[in-house]
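Shown below: protein_34.csv, with CSV, C-alpha atoms.
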```
chain,number,residue,atom,x,y,z
A,1,MET,CA,-121.9,81.5,309.2
A,2,LEU,CA,-121.1,77.8,309.3
A,3,LEU,CA,-124.1,77.0,307.0
A,4,LEU,CA,-122.7,79.6,304.5
A,5,ARG,CA,-119.3,77.9,304.6
A,6,ILE,CA,-120.8,74.5,304.0
A,7,LEU,CA,-122.9,75.8,301.1
A,8,LEU,CA,-119.9,77.6,299.5
A,9,THR,CA,-117.7,74.5,299.8
A,10,LEU,CA,-120.4,72.2,298.3
A,11,LEU,CA,-121.1,74.8,295.5
A,12,LEU,CA,-117.4,74.9,294.7
A,13,GLY,CA,-117.1,71.1,294.6
A,14,SER,CA,-120.3,70.8,292.4
A,15,VAL,CA,-119.0,73.4,289.9
A,16,GLY,CA,-115.7,71.6,289.7
A,17,GLY,CA,-117.5,68.3,289.1
A,18,TRP,CA,-119.7,69.8,286.5
A,19,LEU,CA,-116.8,71.3,284.6
A,20,PHE,CA,-114.9,68.0,284.6
A,21,ALA,CA,-118.1,66.1,283.5
A,22,GLU,CA,-119.6,68.4,280.9
A,23,VAL,CA,-116.6,70.4,279.6
A,24,LEU,CA,-113.5,68.2,280.1
A,25,HIS,CA,-115.4,64.9,279.9
A,26,SER,CA,-113.1,63.5,282.5
A,27,PRO,CA,-113.3,60.0,283.9
A,28,LEU,CA,-114.9,59.9,287.4
A,29,PRO,CA,-115.6,63.7,287.0
A,30,TRP,CA,-117.7,64.5,290.0
A,31,LEU,CA,-115.1,63.1,292.5
A,32,ILE,CA,-111.9,64.3,290.6
A,33,GLY,CA,-113.4,67.7,289.7
A,34,SER,CA,-114.6,68.5,293.3
A,35,LEU,CA,-111.3,67.3,294.7
A,36,LEU,CA,-109.1,69.5,292.4
A,37,ALA,CA,-111.4,72.5,292.7
A,38,THR,CA,-111.2,72.3,296.5
A,39,VAL,CA,-107.4,71.9,296.5
A,40,ALA,CA,-107.0,74.7,294.0
A,41,ALA,CA,-109.1,77.1,296.1
A,42,THR,CA,-107.2,76.2,299.2
A,43,MET,CA,-103.8,76.8,297.5
A,44,LEU,CA,-105.1,80.2,296.3
A,45,GLY,CA,-105.7,81.2,299.9
A,46,VAL,CA,-109.5,80.6,300.3
A,47,GLN,CA,-109.9,80.0,304.0
A,48,LYS,CA,-113.7,79.7,304.3
A,49,LEU,CA,-114.0,76.2,303.0
A,50,TRP,CA,-115.3,73.6,305.4
A,51,ILE,CA,-117.8,70.8,305.7
A,52,PRO,CA,-118.6,68.5,308.6
A,53,GLY,CA,-116.9,65.0,308.6
A,54,TRP,CA,-120.3,63.3,308.3
A,55,PHE,CA,-120.6,64.4,304.7
A,56,ARG,CA,-117.8,62.0,303.7
A,57,GLN,CA,-119.4,59.3,305.8
A,58,ALA,CA,-122.7,59.9,304.0
A,59,GLY,CA,-121.0,59.7,300.6
A,60,LEU,CA,-119.4,56.4,301.6
A,61,ILE,CA,-122.8,55.1,302.7
A,62,VAL,CA,-124.3,55.9,299.2
A,63,ILE,CA,-121.4,54.3,297.4
A,64,GLY,CA,-121.6,51.2,299.7
A,65,ILE,CA,-125.3,50.8,298.9
A,66,SER,CA,-124.6,51.2,295.1
A,67,LEU,CA,-122.1,48.4,295.4
A,68,GLY,CA,-124.3,46.1,297.5
A,69,LEU,CA,-127.2,46.4,295.1
A,70,ARG,CA,-125.0,44.9,292.4
A,71,MET,CA,-124.4,41.7,294.4
A,72,THR,CA,-125.6,38.5,292.8
A,73,PRO,CA,-124.9,34.8,293.6
A,74,ASP,CA,-122.7,34.5,290.5
A,75,ILE,CA,-120.6,37.5,291.5
A,76,TRP,CA,-120.2,36.1,295.0
A,77,GLN,CA,-118.9,32.8,293.5
A,78,THR,CA,-116.5,34.7,291.3
A,79,MET,CA,-115.1,36.5,294.4
A,80,THR,CA,-114.5,33.3,296.3
A,81,ASP,CA,-112.8,31.8,293.3
A,82,HIS,CA,-110.1,34.5,293.4
A,83,ILE,CA,-108.9,34.1,297.0
A,84,GLY,CA,-105.5,32.7,295.9
A,85,LEU,CA,-105.0,35.6,293.5
A,86,MET,CA,-106.0,38.1,296.2
A,87,LEU,CA,-103.2,36.7,298.4
A,88,ILE,CA,-100.6,36.7,295.7
A,89,ALA,CA,-101.5,40.3,294.7
A,90,THR,CA,-101.4,41.5,298.3
A,91,LEU,CA,-98.1,39.9,299.1
A,92,LEU,CA,-96.5,41.4,295.9
A,93,THR,CA,-98.0,44.8,296.8
A,94,VAL,CA,-96.5,44.6,300.3
A,95,LEU,CA,-93.1,43.6,298.8
A,96,ILE,CA,-93.2,46.5,296.4
A,97,SER,CA,-94.2,48.9,299.2
A,98,LEU,CA,-91.2,47.6,301.3
A,99,LEU,CA,-88.9,48.3,298.4
A,100,ASN,CA,-90.3,51.8,298.2
A,101,ALA,CA,-89.9,52.2,302.0
A,102,TRP,CA,-86.2,51.2,301.7
A,103,ILE,CA,-85.7,53.8,299.0
A,104,PHE,CA,-87.4,56.4,301.2
A,105,TYR,CA,-85.3,55.4,304.2
A,106,LYS,CA,-82.2,56.1,302.1
A,107,MET,CA,-83.3,59.2,300.3
A,108,GLY,CA,-85.5,60.8,302.9
A,109,LYS,CA,-83.2,60.3,305.8
A,110,VAL,CA,-86.0,59.2,308.1
A,111,ASP,CA,-86.1,56.3,310.6
A,112,ARG,CA,-87.1,52.8,309.4
A,113,VAL,CA,-90.4,52.7,311.2
A,114,THR,CA,-91.6,56.0,309.6
A,115,ALA,CA,-90.3,54.8,306.2
A,116,ILE,CA,-92.2,51.5,306.4
A,117,PHE,CA,-95.5,52.8,307.7
A,118,SER,CA,-95.4,55.7,305.2
A,119,ASN,CA,-95.4,53.3,302.3
A,120,ILE,CA,-97.5,50.4,303.3
A,121,PRO,CA,-101.0,50.9,301.7
A,122,GLY,CA,-103.3,49.8,304.6
A,123,GLY,CA,-105.5,52.9,305.2
A,124,LEU,CA,-104.4,56.4,306.3
A,125,SER,CA,-105.8,56.5,309.8
A,126,GLU,CA,-104.9,52.9,310.6
A,127,MET,CA,-101.3,53.2,309.4
A,128,VAL,CA,-100.8,56.6,311.2
A,129,THR,CA,-102.2,55.1,314.4
A,130,ILE,CA,-100.1,51.9,314.3
A,131,GLY,CA,-96.9,53.7,313.0
A,132,GLN,CA,-97.1,56.3,315.8
A,133,SER,CA,-97.6,53.7,318.4
A,134,VAL,CA,-94.3,52.1,317.5
A,135,GLY,CA,-92.3,55.3,317.3
A,136,GLY,CA,-92.9,56.6,313.8
A,137,ASN,CA,-93.3,60.2,312.7
A,138,GLN,CA,-97.1,60.8,312.6
A,139,GLN,CA,-97.0,63.9,310.3
A,140,VAL,CA,-94.7,62.3,307.7
A,141,ILE,CA,-96.8,59.1,307.6
A,142,SER,CA,-100.0,61.1,307.3
A,143,ILE,CA,-98.5,63.2,304.4
A,144,PHE,CA,-97.3,60.2,302.5
A,145,HIS,CA,-100.7,58.4,302.7
A,146,SER,CA,-102.6,61.5,301.8
A,147,ILE,CA,-100.4,62.1,298.7
A,148,ARG,CA,-100.7,58.4,297.8
A,149,ALA,CA,-104.5,58.5,298.0
A,150,VAL,CA,-104.9,61.6,295.9
A,151,THR,CA,-102.3,60.4,293.3
A,152,ILE,CA,-103.9,57.0,292.8
A,153,VAL,CA,-107.4,58.6,292.7
A,154,LEU,CA,-106.2,61.0,290.0
A,155,CYS,CA,-104.0,58.7,287.9
A,156,THR,CA,-106.0,55.5,287.9
A,157,PRO,CA,-109.2,56.8,286.2
A,158,PHE,CA,-107.2,58.5,283.4
A,159,LEU,CA,-105.1,55.4,282.8
A,160,ILE,CA,-108.3,53.3,282.6
A,161,SER,CA,-109.9,56.0,280.4
A,162,TRP,CA,-106.9,55.7,278.1
A,163,LEU,CA,-107.3,51.9,278.0
A,164,PHE,CA,-110.9,52.5,277.0
A,165,ASP,CA,-109.9,54.9,274.2
A,166,GLY,CA,-111.4,57.8,276.2
A,167,HIS,CA,-114.9,56.4,276.6
A,168,ALA,CA,-114.7,55.7,280.4
A,169,SER,CA,-116.6,58.8,281.3
A,170,SER,CA,-119.5,57.9,279.2
A,171,VAL,CA,-120.6,55.1,281.4
A,172,VAL,CA,-123.2,56.1,283.9
A,173,LEU,CA,-122.6,55.1,287.5
A,174,SER,CA,-126.2,54.4,288.3
A,175,THR,CA,-126.9,51.9,285.5
A,176,GLY,CA,-129.3,49.1,286.4
A,177,GLY,CA,-132.7,47.7,285.6
A,178,HIS,CA,-134.5,50.5,287.4
A,179,VAL,CA,-133.9,53.4,289.8
A,180,LEU,CA,-135.3,52.9,293.3
A,181,GLU,CA,-138.3,55.0,294.4
A,182,TRP,CA,-137.8,57.5,297.2
A,183,LEU,CA,-139.5,55.3,299.9
A,184,PRO,CA,-137.3,52.2,299.3
A,185,THR,CA,-134.3,54.5,299.0
A,186,ILE,CA,-135.0,56.1,302.4
A,187,LEU,CA,-135.6,52.7,304.1
A,188,LEU,CA,-132.4,51.3,302.6
A,189,VAL,CA,-130.3,54.3,303.6
A,190,THR,CA,-131.7,54.1,307.1
A,191,ALA,CA,-130.8,50.4,307.4
A,192,SER,CA,-127.4,51.0,305.9
A,193,LEU,CA,-126.7,53.8,308.4
A,194,ILE,CA,-127.4,51.3,311.2
A,195,GLY,CA,-125.1,48.8,309.4
A,196,ALA,CA,-122.4,51.4,309.2
A,197,LEU,CA,-122.7,52.2,313.0
A,198,VAL,CA,-122.5,48.5,313.8
A,199,ALA,CA,-119.5,48.0,311.6
A,200,THR,CA,-117.8,50.9,313.3
A,201,ARG,CA,-118.5,49.3,316.7
A,202,CYS,CA,-117.0,46.1,315.4
A,203,SER,CA,-113.8,47.9,314.2
A,204,ILE,CA,-114.4,46.8,310.6
A,205,PRO,CA,-112.1,48.7,308.1
A,206,ALA,CA,-114.0,51.4,306.1
A,207,PRO,CA,-117.2,50.8,308.1
A,208,TYR,CA,-119.3,53.5,306.3
A,209,LEU,CA,-118.6,51.7,303.0
A,210,LEU,CA,-118.6,48.0,304.0
A,211,GLY,CA,-121.5,48.1,306.5
A,212,PRO,CA,-124.0,49.6,303.9
A,213,LEU,CA,-122.5,47.3,301.2
A,214,LEU,CA,-123.4,44.2,303.3
A,215,ILE,CA,-126.9,45.5,304.2
A,216,ALA,CA,-127.7,46.4,300.6
A,217,ALA,CA,-126.4,43.0,299.4
A,218,LEU,CA,-128.5,41.2,301.9
A,219,VAL,CA,-131.6,43.2,301.0
A,220,SER,CA,-131.1,42.8,297.3
A,221,LEU,CA,-130.4,39.1,297.4
A,222,ASN,CA,-133.1,38.1,299.9
A,223,THR,CA,-136.0,40.4,299.5
A,224,PRO,CA,-138.2,41.2,296.5
A,225,TRP,CA,-139.0,44.9,297.3
A,226,THR,CA,-135.9,46.3,295.5
A,227,GLY,CA,-136.9,44.6,292.3
A,228,GLU,CA,-134.5,43.3,289.6
A,229,ASN,CA,-131.2,45.1,289.0
A,230,PRO,CA,-132.0,48.0,291.3
A,231,ALA,CA,-129.9,51.2,291.4
A,232,LEU,CA,-129.8,54.5,293.3
A,233,ALA,CA,-130.7,57.7,291.6
A,234,GLY,CA,-127.9,59.2,289.5
A,235,GLY,CA,-128.1,62.6,291.2
A,236,LEU,CA,-127.6,61.0,294.6
A,237,VAL,CA,-124.5,59.1,293.5
A,238,LYS,CA,-123.0,62.2,291.9
A,239,ALA,CA,-123.7,64.1,295.2
A,240,ALA,CA,-121.9,61.4,297.1
A,241,GLN,CA,-118.9,61.7,294.9
A,242,VAL,CA,-118.8,65.5,295.5
A,243,TRP,CA,-119.0,65.0,299.2
A,244,ILE,CA,-116.1,62.5,299.1
A,245,GLY,CA,-114.0,64.6,296.7
A,246,VAL,CA,-114.4,67.8,298.8
A,247,SER,CA,-113.6,66.0,302.0
A,248,ILE,CA,-110.3,64.6,300.5
A,249,GLY,CA,-109.4,68.0,299.1
A,250,LEU,CA,-109.9,69.8,302.4
A,251,GLY,CA,-107.2,67.5,303.9
A,252,PHE,CA,-104.5,69.6,302.2
A,253,ARG,CA,-103.7,72.9,303.8
A,254,LYS,CA,-101.5,75.5,302.3
A,255,GLU,CA,-99.4,76.1,305.4
A,256,ASP,CA,-98.7,72.3,305.8
A,257,ILE,CA,-97.5,72.1,302.2
A,258,ARG,CA,-95.3,75.1,302.6
A,259,LYS,CA,-93.7,73.7,305.8
A,260,GLN,CA,-93.2,70.2,304.5
A,261,LYS,CA,-92.3,70.8,300.8
A,262,ARG,CA,-89.6,68.1,300.8
A,263,PHE,CA,-91.9,65.3,302.1
A,264,PHE,CA,-94.8,66.3,299.9
A,265,LEU,CA,-92.4,66.1,296.9
A,266,LEU,CA,-91.0,62.7,298.0
A,267,GLY,CA,-94.5,61.5,298.7
A,268,ALA,CA,-95.6,62.4,295.1
A,269,ILE,CA,-92.6,60.7,293.6
A,270,HIS,CA,-93.0,57.5,295.7
A,271,SER,CA,-96.8,57.4,294.9
A,272,LEU,CA,-96.1,57.5,291.2
A,273,LEU,CA,-93.4,54.9,291.6
A,274,LEU,CA,-95.7,52.6,293.6
A,275,PHE,CA,-98.5,53.2,291.1
A,276,GLY,CA,-96.3,52.2,288.1
A,277,MET,CA,-95.0,49.1,289.8
A,278,VAL,CA,-98.4,47.9,291.0
A,279,THR,CA,-99.9,48.5,287.5
A,280,ALA,CA,-97.1,46.4,285.9
A,281,MET,CA,-97.9,43.8,288.6
A,282,ALA,CA,-101.6,43.8,287.7
A,283,VAL,CA,-100.8,43.2,284.0
A,284,GLY,CA,-98.4,40.4,284.9
A,285,LEU,CA,-100.9,38.7,287.2
A,286,ALA,CA,-103.5,38.8,284.4
A,287,TYR,CA,-101.2,37.0,282.1
A,288,PHE,CA,-99.9,34.6,284.9
A,289,ALA,CA,-103.4,33.6,285.7
A,290,ASN,CA,-104.1,32.8,282.0
A,291,ILE,CA,-106.8,35.5,281.9
A,292,GLU,CA,-107.7,36.8,278.5
A,293,VAL,CA,-106.4,40.4,278.8
A,294,ALA,CA,-109.4,42.1,277.3
A,295,THR,CA,-109.8,45.8,278.2
A,296,SER,CA,-112.5,45.2,280.9
A,297,ILE,CA,-110.5,42.4,282.5
A,298,LEU,CA,-107.3,44.4,282.5
A,299,ALA,CA,-109.1,47.4,283.9
A,300,THR,CA,-110.6,45.3,286.8
A,301,SER,CA,-107.1,43.8,287.5
A,302,ILE,CA,-105.5,47.3,287.7
A,303,LEU,CA,-108.3,48.7,289.9
A,304,ALA,CA,-108.3,45.6,292.1
A,305,THR,CA,-104.5,46.0,292.9
A,306,ALA,CA,-104.2,49.8,292.8
A,307,PRO,CA,-103.1,51.0,296.3
A,308,GLY,CA,-105.9,53.6,296.5
A,309,GLY,CA,-109.0,53.8,298.7
A,310,ILE,CA,-111.7,51.1,298.6
A,311,ALA,CA,-114.4,53.5,297.8
A,312,GLU,CA,-112.5,55.5,295.2
A,313,MET,CA,-111.3,52.4,293.2
A,314,SER,CA,-114.8,50.8,293.4
A,315,LEU,CA,-116.3,54.0,292.1
A,316,THR,CA,-113.9,54.0,289.2
A,317,ALA,CA,-114.8,50.4,288.5
A,318,MET,CA,-118.5,51.3,288.4
A,319,SER,CA,-117.9,54.3,286.1
A,320,ILE,CA,-116.1,52.3,283.4
A,321,GLY,CA,-118.0,49.0,283.5
A,322,ALA,CA,-115.4,46.9,285.3
A,323,ASP,CA,-116.3,44.6,288.1
A,324,PRO,CA,-116.7,46.9,291.2
A,325,LEU,CA,-117.4,44.0,293.6
A,326,LEU,CA,-114.3,42.1,292.6
A,327,VAL,CA,-112.3,45.3,293.0
A,328,THR,CA,-113.9,45.9,296.4
A,329,ALA,CA,-113.0,42.3,297.5
A,330,PHE,CA,-109.4,42.7,296.4
A,331,GLN,CA,-109.0,46.0,298.1
A,332,LEU,CA,-110.7,44.8,301.3
A,333,PHE,CA,-108.5,41.7,301.4
A,334,ARG,CA,-105.4,43.8,301.1
A,335,VAL,CA,-106.4,46.2,303.8
A,336,LEU,CA,-107.3,43.4,306.3
A,337,PHE,CA,-104.1,41.5,305.5
A,338,VAL,CA,-101.9,44.6,305.9
A,339,LEU,CA,-103.7,45.8,309.1
A,340,THR,CA,-103.4,42.3,310.7
A,341,LEU,CA,-99.8,41.8,309.7
A,342,PHE,CA,-98.5,45.2,310.6
A,343,SER,CA,-100.6,45.7,313.7
A,344,PHE,CA,-99.3,42.5,315.4
A,345,GLY,CA,-95.8,42.9,313.8
A,346,GLY,CA,-95.6,46.5,314.7
A,347,ARG,CA,-96.6,45.8,318.3
A,348,SER,CA,-94.0,43.0,318.5
A,349,TRP,CA,-91.3,45.1,317.0
A,350,GLY,CA,-92.2,48.0,319.4
A,351,LYS,CA,-92.0,45.8,322.5
A,352,ARG,CA,-88.6,44.4,321.3
A,353,HIS,CA,-87.3,47.9,320.5
A,354,ARG,CA,-88.4,49.3,323.9
A,355,ALA,CA,-86.8,46.3,325.7
A,356,GLU,CA,-83.5,46.8,323.8
A,357,ALA,CA,-83.6,50.5,324.7
A,358,ALA,CA,-84.2,49.7,328.3
A,359,ALA,CA,-81.4,47.2,328.4
A,360,THR,CA,-79.0,49.7,326.8
A,361,LEU,CA,-79.9,52.3,329.5
A,362,ASP,CA,-79.3,49.7,332.3
A,363,ARG,CA,-75.9,48.9,330.9
A,364,THR,CA,-74.9,52.6,330.7
A,365,ALA,CA,-76.3,53.4,334.1
```

Hey, can you dump this file as structure tokens for me?
Amino acid sequence: MLLLRILLTLLLGSVGGWLFAEVLHSPLPWLIGSLLATVAATMLGVQKLWIPGWFRQAGLIVIGISLGLRMTPDIWQTMTDHIGLMLIATLLTVLISLLNAWIFYKMGKVDRVTAIFSNIPGGLSEMVTIGQSVGGNQQVISIFHSIRAVTIVLCTPFLISWLFDGHASSVVLSTGGHVLEWLPTILLVTASLIGALVATRCSIPAPYLLGPLLIAALVSLNTPWTGENPALAGGLVKAAQVWIGVSIGLGFRKEDIRKQKRFFLLGAIHSLLLFGMVTAMAVGLAYFANIEVATSILATSILATAPGGIAEMSLTAMSIGADPLLVTAFQLFRVLFVLTLFSFGGRSWGKRHRAEAAATLDRTA
């Protein structure tokens, strides 16, 4: 029975991806199509959809390998040259998110902790965990981050596609000098899985993406057996997108949306507002840094600063010919900065808040 549910879910996601790729010619079709097909089926009352969590992890490993195989010394130098711009972009994103949090605090009538941790783009599980530990509403924080992730994943590729005059979807994700044979692919996937497990033990953000990325980069840069400009098979990369898209889509349940309509609506509004503000910031940073605002440069800037998931934004960059490694570097820098700042800041605030509450109780006793 479980096997049939898994096959049904993957079939639904694959059909959605195929429709978006071959019929609608959508940007990032296999991820967006599978995501929307899953959400639509869930909203229509289909209750048999389910896949194990390791499907998403496997998809992230494939995407991490695809990114790592693109690493070259020149790209590494480009990434290190942009550290200052990464810091500026991250600080501006945090300020924009805090403005959004203030608006949510006033409109949503929630406490300040919930408002802040609902709007800071630092990763769903991490923000929920930290926010809950300092007294935030776990369900509201989770809803906002889920809506933000889906909104950014859906909006960003279409914006980039519009910038490319509708040709974004024509770029193949697996472009490279040659496609790896099955034996090197199996060995690389095995090594990357080990890298993902080590990254998990070391509490590295997005371990199933970044662990394989580092392993693939080390192999590609230091060994000859992958050849020049290697790439994974296109079918494998498409399957990885379906696994990730379906996993995201299954996070939305009909009963949750019915019970929390107000917060889902507010989450969608705030996600669109955040997306618009950050996109404007990306364009401004491109001009401020005296970068020639060609389409590919502007697309990289938007994807690098978009408050979406690392994997999803990197996938979009690969699909439209932008710089996926620079996008990954910007996204990772933001996540690490936000987690460090709000982890320590949240704990400090929580201790002070509990101390003040205890003092108040002592005075009233």

_Atomic separation - atom CA of Gln260 of chain A relative to atom CA of Ser146 of chain A, Å_ = 13.1 Å

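The closest residue to Met281 of chain A, picked from A:Leu92, A:Ile51, A:Leu332, A:Ile120 and counting all atoms listed in the file, is A:Leu92.
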
*asked:* Applying 10 Å and all atoms listed in the file, which residues near Asn137 of chain A remain after dropping the ones on its own chain fewer than 6 positions away? List them as a PyMOL selection string.
replied: chain A and resi 110-111+113-115+117-118+128+131

*Restricting the calculation to only C-alpha atoms, which member of A:Pro207, A:Gly309, A:Pro184, A:Gly13 is positioned closest to Val39 of chain A?*
A:Gly13

Report as a Markdown table the residues of segment 52-100 of chain A within 8 Å of segment 266-276 of chain A, each with its shortest atom pair and distance in Å (one decimal), using all atoms listed in the file, ordered by chain and increasing residue number.
```
| residue | atom | partner | partner_atom | distance |
| --- | --- | --- | --- | --- |
| A:Ile96 | CA | A:Leu274 | CA | 7.2 |
| A:Ser97 | CA | A:Leu274 | CA | 6.9 |
| A:Asn100 | CA | A:His270 | CA | 6.8 |
```
